[in-house]
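Next comes my_file14.pdb, with PDB, N, CA and C atoms.
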```
ATOM      1  N   MET O 118     -33.506  -6.137 -35.910
ATOM      2  CA  MET O 118     -32.358  -5.511 -35.289
ATOM      3  C   MET O 118     -32.774  -4.244 -34.542
ATOM      4  N   ASP O 119     -33.737  -3.524 -35.114
ATOM      5  CA  ASP O 119     -34.211  -2.297 -34.483
ATOM      6  C   ASP O 119     -34.886  -2.598 -33.150
ATOM      7  N   LEU O 120     -35.652  -3.673 -33.080
ATOM      8  CA  LEU O 120     -36.313  -4.069 -31.845
ATOM      9  C   LEU O 120     -35.287  -4.427 -30.773
ATOM     10  N   LEU O 121     -34.250  -5.135 -31.179
ATOM     11  CA  LEU O 121     -33.193  -5.507 -30.231
ATOM     12  C   LEU O 121     -32.481  -4.273 -29.689
ATOM     13  N   ASN O 122     -32.211  -3.304 -30.547
ATOM     14  CA  ASN O 122     -31.558  -2.071 -30.095
ATOM     15  C   ASN O 122     -32.442  -1.294 -29.125
ATOM     16  N   ARG O 123     -33.745  -1.249 -29.399
ATOM     17  CA  ARG O 123     -34.659  -0.559 -28.476
ATOM     18  C   ARG O 123     -34.727  -1.261 -27.125
ATOM     19  N   VAL O 124     -34.739  -2.596 -27.153
ATOM     20  CA  VAL O 124     -34.773  -3.353 -25.898
ATOM     21  C   VAL O 124     -33.489  -3.132 -25.115
ATOM     22  N   LEU O 125     -32.342  -3.189 -25.799
ATOM     23  CA  LEU O 125     -31.063  -2.957 -25.122
ATOM     24  C   LEU O 125     -30.959  -1.542 -24.566
ATOM     25  N   ASP O 126     -31.467  -0.550 -25.298
ATOM     26  CA  ASP O 126     -31.486   0.826 -24.803
ATOM     27  C   ASP O 126     -32.349   0.949 -23.553
ATOM     28  N   LYS O 127     -33.505   0.287 -23.553
ATOM     29  CA  LYS O 127     -34.396   0.339 -22.389
ATOM     30  C   LYS O 127     -33.757  -0.356 -21.189
ATOM     31  N   VAL O 128     -33.102  -1.505 -21.426
ATOM     32  CA  VAL O 128     -32.419  -2.208 -20.344
ATOM     33  C   VAL O 128     -31.298  -1.340 -19.780
ATOM     34  N   ALA O 129     -30.538  -0.687 -20.657
ATOM     35  CA  ALA O 129     -29.464   0.195 -20.197
ATOM     36  C   ALA O 129     -30.022   1.377 -19.406
ATOM     37  N   GLU O 130     -31.144   1.915 -19.839
ATOM     38  CA  GLU O 130     -31.768   3.034 -19.129
ATOM     39  C   GLU O 130     -32.239   2.613 -17.737
ATOM     40  N   VAL O 131     -32.893   1.473 -17.646
ATOM     41  CA  VAL O 131     -33.376   0.974 -16.354
ATOM     42  C   VAL O 131     -32.199   0.653 -15.432
ATOM     43  N   ALA O 132     -31.148   0.045 -15.975
ATOM     44  CA  ALA O 132     -29.971  -0.277 -15.160
ATOM     45  C   ALA O 132     -29.294   0.996 -14.661
ATOM     46  N   ASN O 133     -29.234   2.028 -15.494
ATOM     47  CA  ASN O 133     -28.633   3.292 -15.082
ATOM     48  C   ASN O 133     -29.447   3.952 -13.981
ATOM     49  N   GLU O 134     -30.766   3.933 -14.109
ATOM     50  CA  GLU O 134     -31.622   4.501 -13.060
ATOM     51  C   GLU O 134     -31.484   3.731 -11.751
ATOM     52  N   ALA O 135     -31.405   2.408 -11.832
ATOM     53  CA  ALA O 135     -31.223   1.597 -10.629
ATOM     54  C   ALA O 135     -29.882   1.902  -9.976
ATOM     55  N   TYR O 136     -28.838   2.061 -10.782
ATOM     56  CA  TYR O 136     -27.519   2.402 -10.240
ATOM     57  C   TYR O 136     -27.542   3.756  -9.547
ATOM     58  N   LEU O 137     -28.186   4.748 -10.166
ATOM     59  CA  LEU O 137     -28.259   6.076  -9.553
ATOM     60  C   LEU O 137     -29.054   6.042  -8.251
ATOM     61  N   ASP O 138     -30.172   5.311  -8.233
ATOM     62  CA  ASP O 138     -30.957   5.180  -7.006
ATOM     63  C   ASP O 138     -30.150   4.502  -5.904
ATOM     64  N   PHE O 139     -29.432   3.432  -6.258
ATOM     65  CA  PHE O 139     -28.617   2.720  -5.268
ATOM     66  C   PHE O 139     -27.487   3.598  -4.753
ATOM     67  N   SER O 140     -26.836   4.350  -5.631
ATOM     68  CA  SER O 140     -25.733   5.209  -5.184
ATOM     69  C   SER O 140     -26.244   6.336  -4.285
ATOM     70  N   ARG O 141     -27.423   6.876  -4.569
ATOM     71  CA  ARG O 141     -28.005   7.899  -3.680
ATOM     72  C   ARG O 141     -28.333   7.302  -2.314
ATOM     73  N   TRP O 142     -28.867   6.084  -2.308
ATOM     74  CA  TRP O 142     -29.211   5.421  -1.049
ATOM     75  C   TRP O 142     -27.955   5.170  -0.220
ATOM     76  N   VAL O 143     -26.893   4.712  -0.861
ATOM     77  CA  VAL O 143     -25.641   4.450  -0.143
ATOM     78  C   VAL O 143     -25.035   5.760   0.363
ATOM     79  N   ASP O 144     -25.121   6.832  -0.420
ATOM     80  CA  ASP O 144     -24.573   8.121   0.011
ATOM     81  C   ASP O 144     -25.265   8.646   1.261
ATOM     82  N   ARG O 145     -26.529   8.320   1.438
ATOM     83  CA  ARG O 145     -27.281   8.824   2.592
ATOM     84  C   ARG O 145     -27.066   8.005   3.853
ATOM     85  N   LEU O 146     -26.439   6.832   3.731
ATOM     86  CA  LEU O 146     -26.166   6.018   4.914
ATOM     87  C   LEU O 146     -25.030   6.631   5.716
ATOM     88  N   ASP O 147     -25.091   6.501   7.037
ATOM     89  CA  ASP O 147     -23.953   6.957   7.823
ATOM     90  C   ASP O 147     -22.897   5.844   7.869
ATOM     91  N   ASP O 148     -21.751   6.147   8.456
ATOM     92  CA  ASP O 148     -20.618   5.215   8.430
ATOM     93  C   ASP O 148     -20.925   3.897   9.139
ATOM     94  N   MET O 149     -21.681   3.938  10.213
ATOM     95  CA  MET O 149     -21.991   2.710  10.947
ATOM     96  C   MET O 149     -22.884   1.780  10.121
ATOM     97  N   GLU O 150     -23.840   2.356   9.411
ATOM     98  CA  GLU O 150     -24.696   1.534   8.557
ATOM     99  C   GLU O 150     -23.904   0.934   7.396
ATOM    100  N   LYS O 151     -23.001   1.721   6.808
ATOM    101  CA  LYS O 151     -22.144   1.193   5.742
ATOM    102  C   LYS O 151     -21.273   0.061   6.262
ATOM    103  N   LEU O 152     -20.732   0.235   7.446
ATOM    104  CA  LEU O 152     -19.886  -0.798   8.044
ATOM    105  C   LEU O 152     -20.689  -2.064   8.312
ATOM    106  N   PHE O 153     -21.913  -1.919   8.804
ATOM    107  CA  PHE O 153     -22.766  -3.083   9.052
ATOM    108  C   PHE O 153     -23.033  -3.859   7.769
ATOM    109  N   PHE O 154     -23.398  -3.154   6.696
ATOM    110  CA  PHE O 154     -23.680  -3.833   5.432
ATOM    111  C   PHE O 154     -22.426  -4.485   4.850
ATOM    112  N   MET O 155     -21.268  -3.851   5.048
ATOM    113  CA  MET O 155     -20.030  -4.471   4.575
ATOM    114  C   MET O 155     -19.714  -5.744   5.350
ATOM    115  N   VAL O 156     -19.940  -5.733   6.646
ATOM    116  CA  VAL O 156     -19.702  -6.935   7.453
ATOM    117  C   VAL O 156     -20.638  -8.058   7.022
ATOM    118  N   VAL O 157     -21.898  -7.736   6.782
ATOM    119  CA  VAL O 157     -22.846  -8.755   6.321
ATOM    120  C   VAL O 157     -22.412  -9.299   4.966
ATOM    121  N   PHE O 158     -21.987  -8.423   4.060
ATOM    122  CA  PHE O 158     -21.530  -8.870   2.750
ATOM    123  C   PHE O 158     -20.287  -9.751   2.867
ATOM    124  N   ILE O 159     -19.369  -9.381   3.723
ATOM    125  CA  ILE O 159     -18.152 -10.172   3.914
ATOM    126  C   ILE O 159     -18.490 -11.542   4.489
ATOM    127  N   LEU O 160     -19.404 -11.599   5.436
ATOM    128  CA  LEU O 160     -19.798 -12.896   5.997
ATOM    129  C   LEU O 160     -20.473 -13.782   4.950
ATOM    130  N   ILE O 161     -21.321 -13.189   4.115
ATOM    131  CA  ILE O 161     -21.954 -13.968   3.048
ATOM    132  C   ILE O 161     -20.904 -14.454   2.062
ATOM    133  N   LEU O 162     -19.979 -13.587   1.694
ATOM    134  CA  LEU O 162     -18.899 -13.981   0.794
ATOM    135  C   LEU O 162     -18.062 -15.101   1.389
ATOM    136  N   PHE O 163     -17.739 -14.977   2.657
ATOM    137  CA  PHE O 163     -16.943 -15.990   3.350
ATOM    138  C   PHE O 163     -17.671 -17.335   3.369
ATOM    139  N   MET O 164     -18.954 -17.321   3.662
ATOM    140  CA  MET O 164     -19.715 -18.564   3.700
ATOM    141  C   MET O 164     -19.826 -19.193   2.303
ATOM    142  N   LEU O 165     -20.027 -18.384   1.276
ATOM    143  CA  LEU O 165     -20.101 -18.917  -0.082
ATOM    144  C   LEU O 165     -18.787 -19.564  -0.502
ATOM    145  N   ILE O 166     -17.690 -18.966  -0.125
ATOM    146  CA  ILE O 166     -16.383 -19.529  -0.474
ATOM    147  C   ILE O 166     -16.182 -20.854   0.235
ATOM    148  N   LEU O 167     -16.518 -20.910   1.507
ATOM    149  CA  LEU O 167     -16.320 -22.152   2.258
ATOM    150  C   LEU O 167     -17.256 -23.258   1.782
ATOM    151  N   VAL O 168     -18.497 -22.927   1.461
ATOM    152  CA  VAL O 168     -19.434 -23.938   0.973
ATOM    153  C   VAL O 168     -18.969 -24.456  -0.383
ATOM    154  N   ARG O 169     -18.525 -23.557  -1.240
ATOM    155  CA  ARG O 169     -18.036 -23.965  -2.557
ATOM    156  C   ARG O 169     -16.790 -24.845  -2.422
ATOM    157  N   ALA O 170     -15.910 -24.499  -1.521
ATOM    158  CA  ALA O 170     -14.693 -25.283  -1.325
ATOM    159  C   ALA O 170     -15.021 -26.661  -0.752
ATOM    160  N   GLY O 171     -16.055 -26.765   0.053
ATOM    161  CA  GLY O 171     -16.422 -28.045   0.636
ATOM    162  C   GLY O 171     -17.078 -29.000  -0.344
ATOM    163  N   ARG O 172     -17.580 -28.499  -1.456
ATOM    164  CA  ARG O 172     -18.279 -29.339  -2.438
ATOM    165  C   ARG O 172     -17.398 -29.759  -3.611
ATOM    166  N   ARG O 173     -16.142 -29.371  -3.606
ATOM    167  CA  ARG O 173     -15.255 -29.741  -4.709
ATOM    168  C   ARG O 173     -15.007 -31.230  -4.735
ATOM    169  N   LYS O 174     -14.880 -31.779  -5.953
ATOM    170  CA  LYS O 174     -14.580 -33.201  -6.076
ATOM    171  C   LYS O 174     -13.130 -33.479  -5.731
ATOM    172  N   ALA O 175     -12.231 -32.628  -6.223
ATOM    173  CA  ALA O 175     -10.826 -32.751  -5.827
ATOM    174  C   ALA O 175     -10.724 -32.186  -4.426
ATOM    175  N   ASP O 176     -10.398 -33.011  -3.494
ATOM    176  CA  ASP O 176     -10.459 -32.631  -2.087
ATOM    177  C   ASP O 176      -9.133 -32.032  -1.619
ATOM    178  N   PRO O 177      -8.991 -30.691  -1.708
ATOM    179  CA  PRO O 177      -7.777 -30.085  -1.176
ATOM    180  C   PRO O 177      -7.839 -30.048   0.344
ATOM    181  N   ALA O 178      -6.741 -29.725   0.936
ATOM    182  CA  ALA O 178      -6.710 -29.645   2.405
ATOM    183  C   ALA O 178      -7.667 -28.559   2.873
ATOM    184  N   ARG O 179      -8.338 -28.819   3.971
ATOM    185  CA  ARG O 179      -9.294 -27.833   4.494
ATOM    186  C   ARG O 179      -8.585 -26.544   4.903
ATOM    187  N   GLY O 180      -7.367 -26.678   5.377
ATOM    188  CA  GLY O 180      -6.616 -25.483   5.759
ATOM    189  C   GLY O 180      -6.354 -24.566   4.592
ATOM    190  N   ARG O 181      -6.082 -25.148   3.432
ATOM    191  CA  ARG O 181      -5.822 -24.339   2.245
ATOM    192  C   ARG O 181      -7.059 -23.554   1.848
ATOM    193  N   SER O 182      -8.214 -24.175   1.843
ATOM    194  CA  SER O 182      -9.455 -23.486   1.500
ATOM    195  C   SER O 182      -9.758 -22.384   2.510
ATOM    196  N   PHE O 183      -9.545 -22.676   3.780
ATOM    197  CA  PHE O 183      -9.833 -21.688   4.814
ATOM    198  C   PHE O 183      -8.899 -20.493   4.694
ATOM    199  N   VAL O 184      -7.609 -20.752   4.486
ATOM    200  CA  VAL O 184      -6.634 -19.662   4.392
ATOM    201  C   VAL O 184      -6.907 -18.808   3.157
ATOM    202  N   SER O 185      -7.221 -19.432   2.031
ATOM    203  CA  SER O 185      -7.514 -18.638   0.835
ATOM    204  C   SER O 185      -8.784 -17.805   1.036
ATOM    205  N   SER O 186      -9.769 -18.343   1.739
ATOM    206  CA  SER O 186     -10.990 -17.578   2.033
ATOM    207  C   SER O 186     -10.690 -16.396   2.938
ATOM    208  N   ILE O 187      -9.882 -16.620   3.947
ATOM    209  CA  ILE O 187      -9.510 -15.530   4.867
ATOM    210  C   ILE O 187      -8.751 -14.437   4.127
ATOM    211  N   VAL O 188      -7.818 -14.828   3.261
ATOM    212  CA  VAL O 188      -7.037 -13.834   2.515
ATOM    213  C   VAL O 188      -7.945 -13.007   1.610
ATOM    214  N   LEU O 189      -8.879 -13.649   0.932
ATOM    215  CA  LEU O 189      -9.802 -12.928   0.061
ATOM    216  C   LEU O 189     -10.668 -11.954   0.851
ATOM    217  N   VAL O 190     -11.181 -12.392   1.966
ATOM    218  CA  VAL O 190     -12.020 -11.521   2.799
ATOM    219  C   VAL O 190     -11.195 -10.375   3.373
ATOM    220  N   MET O 191      -9.960 -10.643   3.765
ATOM    221  CA  MET O 191      -9.103  -9.580   4.306
ATOM    222  C   MET O 191      -8.778  -8.540   3.235
ATOM    223  N   LEU O 192      -8.520  -8.974   2.015
ATOM    224  CA  LEU O 192      -8.246  -8.021   0.939
ATOM    225  C   LEU O 192      -9.477  -7.161   0.651
ATOM    226  N   PHE O 193     -10.647  -7.783   0.622
ATOM    227  CA  PHE O 193     -11.873  -7.007   0.414
ATOM    228  C   PHE O 193     -12.083  -6.018   1.560
ATOM    229  N   SER O 194     -11.860  -6.451   2.783
ATOM    230  CA  SER O 194     -12.048  -5.576   3.945
ATOM    231  C   SER O 194     -11.070  -4.409   3.911
ATOM    232  N   PHE O 195      -9.831  -4.684   3.517
ATOM    233  CA  PHE O 195      -8.842  -3.613   3.421
ATOM    234  C   PHE O 195      -9.279  -2.568   2.405
ATOM    235  N   GLY O 196      -9.731  -3.029   1.235
ATOM    236  CA  GLY O 196     -10.175  -2.087   0.208
ATOM    237  C   GLY O 196     -11.397  -1.291   0.640
ATOM    238  N   ALA O 197     -12.347  -1.963   1.296
ATOM    239  CA  ALA O 197     -13.553  -1.263   1.755
ATOM    240  C   ALA O 197     -13.215  -0.251   2.837
ATOM    241  N   GLY O 198     -12.363  -0.629   3.782
ATOM    242  CA  GLY O 198     -11.946   0.309   4.824
ATOM    243  C   GLY O 198     -11.172   1.479   4.264
ATOM    244  N   TRP O 199     -10.363   1.216   3.265
ATOM    245  CA  TRP O 199      -9.587   2.270   2.627
ATOM    246  C   TRP O 199     -10.511   3.273   1.951
ATOM    247  N   MET O 200     -11.577   2.775   1.298
ATOM    248  CA  MET O 200     -12.508   3.687   0.638
ATOM    249  C   MET O 200     -13.317   4.496   1.655
ATOM    250  N   ILE O 201     -13.670   3.890   2.781
ATOM    251  CA  ILE O 201     -14.448   4.624   3.782
ATOM    252  C   ILE O 201     -13.595   5.699   4.448
ATOM    253  N   ASP O 202     -12.342   5.374   4.757
ATOM    254  CA  ASP O 202     -11.485   6.307   5.486
ATOM    255  C   ASP O 202     -10.784   7.324   4.595
ATOM    256  N   SER O 203     -10.861   7.165   3.291
ATOM    257  CA  SER O 203     -10.143   8.084   2.423
ATOM    258  C   SER O 203     -10.852   9.429   2.379
ATOM    259  N   ARG O 204     -10.102  10.409   1.975
ATOM    260  CA  ARG O 204     -10.691  11.745   1.884
ATOM    261  C   ARG O 204     -11.442  11.931   0.580
ATOM    262  N   PHE O 205     -11.327  10.950  -0.316
ATOM    263  CA  PHE O 205     -12.016  11.013  -1.589
ATOM    264  C   PHE O 205     -13.422  10.455  -1.456
ATOM    265  N   ASP O 206     -14.300  10.914  -2.287
ATOM    266  CA  ASP O 206     -15.662  10.405  -2.322
ATOM    267  C   ASP O 206     -15.654   9.013  -2.956
ATOM    268  N   VAL O 207     -16.462   8.112  -2.433
ATOM    269  CA  VAL O 207     -16.524   6.747  -2.954
ATOM    270  C   VAL O 207     -16.945   6.756  -4.420
ATOM    271  N   GLN O 208     -17.800   7.686  -4.808
ATOM    272  CA  GLN O 208     -18.238   7.778  -6.202
ATOM    273  C   GLN O 208     -17.057   8.067  -7.116
ATOM    274  N   ASP O 209     -16.113   8.920  -6.670
ATOM    275  CA  ASP O 209     -14.928   9.188  -7.473
ATOM    276  C   ASP O 209     -14.055   7.951  -7.621
ATOM    277  N   VAL O 210     -13.947   7.156  -6.555
ATOM    278  CA  VAL O 210     -13.146   5.938  -6.613
ATOM    279  C   VAL O 210     -13.787   4.931  -7.556
ATOM    280  N   ILE O 211     -15.101   4.789  -7.514
ATOM    281  CA  ILE O 211     -15.801   3.840  -8.387
ATOM    282  C   ILE O 211     -15.666   4.290  -9.838
ATOM    283  N   ASN O 212     -15.792   5.576 -10.107
ATOM    284  CA  ASN O 212     -15.691   6.069 -11.478
ATOM    285  C   ASN O 212     -14.276   5.952 -12.028
ATOM    286  N   PHE O 213     -13.270   5.836 -11.151
ATOM    287  CA  PHE O 213     -11.893   5.675 -11.591
ATOM    288  C   PHE O 213     -11.716   4.356 -12.336
ATOM    289  N   PHE O 214     -12.392   3.307 -11.863
ATOM    290  CA  PHE O 214     -12.260   2.015 -12.511
ATOM    291  C   PHE O 214     -13.234   1.939 -13.639
TER     292      PHE O 214
END
```
Final structure tokens representation of the file:
Amino acid sequence: MDLLNRVLDKVAEVANEAYLDFSRWVDRLDDMEKLFFMVVFILILFMLILVRAGRRKADPARGRSFVSSIVLVMLFSFGAGWMIDSRFDVQDVINFF
């Protein structure tokens, strides 16, 4: 049990350091770079949703899958734009949840 606790502590420490490094890197990006990475992430998310919907055995209408994908991407985009344009720091918004 002691070995497991030490391993979990080390994993938590490494994950915390990685999170801090990533948050510092994101803080140093300007708004255009953040917007570019968000667009790339949204496109990847959109493609994953459409590919997953196309491989389902129960074949729903293609319009339904497309509309649900668009709604999900629009909600994510709204939240991301809201965080970029807000007067609050993104770190404060993330720590709220």
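Residues lying within 9 Å of Met155 of chain O, counting only C-alpha atoms and ignoring same-chain neighbours fewer than 5 positions away, are Glu150, Leu160, Ser194 and Ala197 of chain O.
Taking atom CA of Phe139 of chain O as the reference point, atom C of Leu121 of chain O is found at 25.7 Å.
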d(atom CA of Leu165 of chain O, atom CA of Ile187 of chain O) in Å: 12.2 Å
Atom-to-atom span, atom CA of Leu125 of chain O and atom CA of Arg141 of chain O, Å: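 Calculated distance between atom CA of Leu125 of chain O and atom CA of Arg141 of chain O is 24.2 Å.
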Please give the centre and size of the box around segment 148-153 of chain O (axis-aligned, containing every atom listed in the file, 4 Å added per side), with values in Å to one decimal and written as AutoDock Vina command-line options.
```
--center_x -22.3 --center_y 1.1 --center_z 8.3 --size_x 12.8 --size_y 18.0 --size_z 13.2
```
Which of O:Phe193, O:Trp199, O:Trp142, O:Phe183 sits closest to Val156 of chain O [using only C-alpha atoms]: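 Among O:Phe193, O:Trp199, O:Trp142, O:Phe183, it is O:Phe193 that comes nearest to Val156 of chain O.
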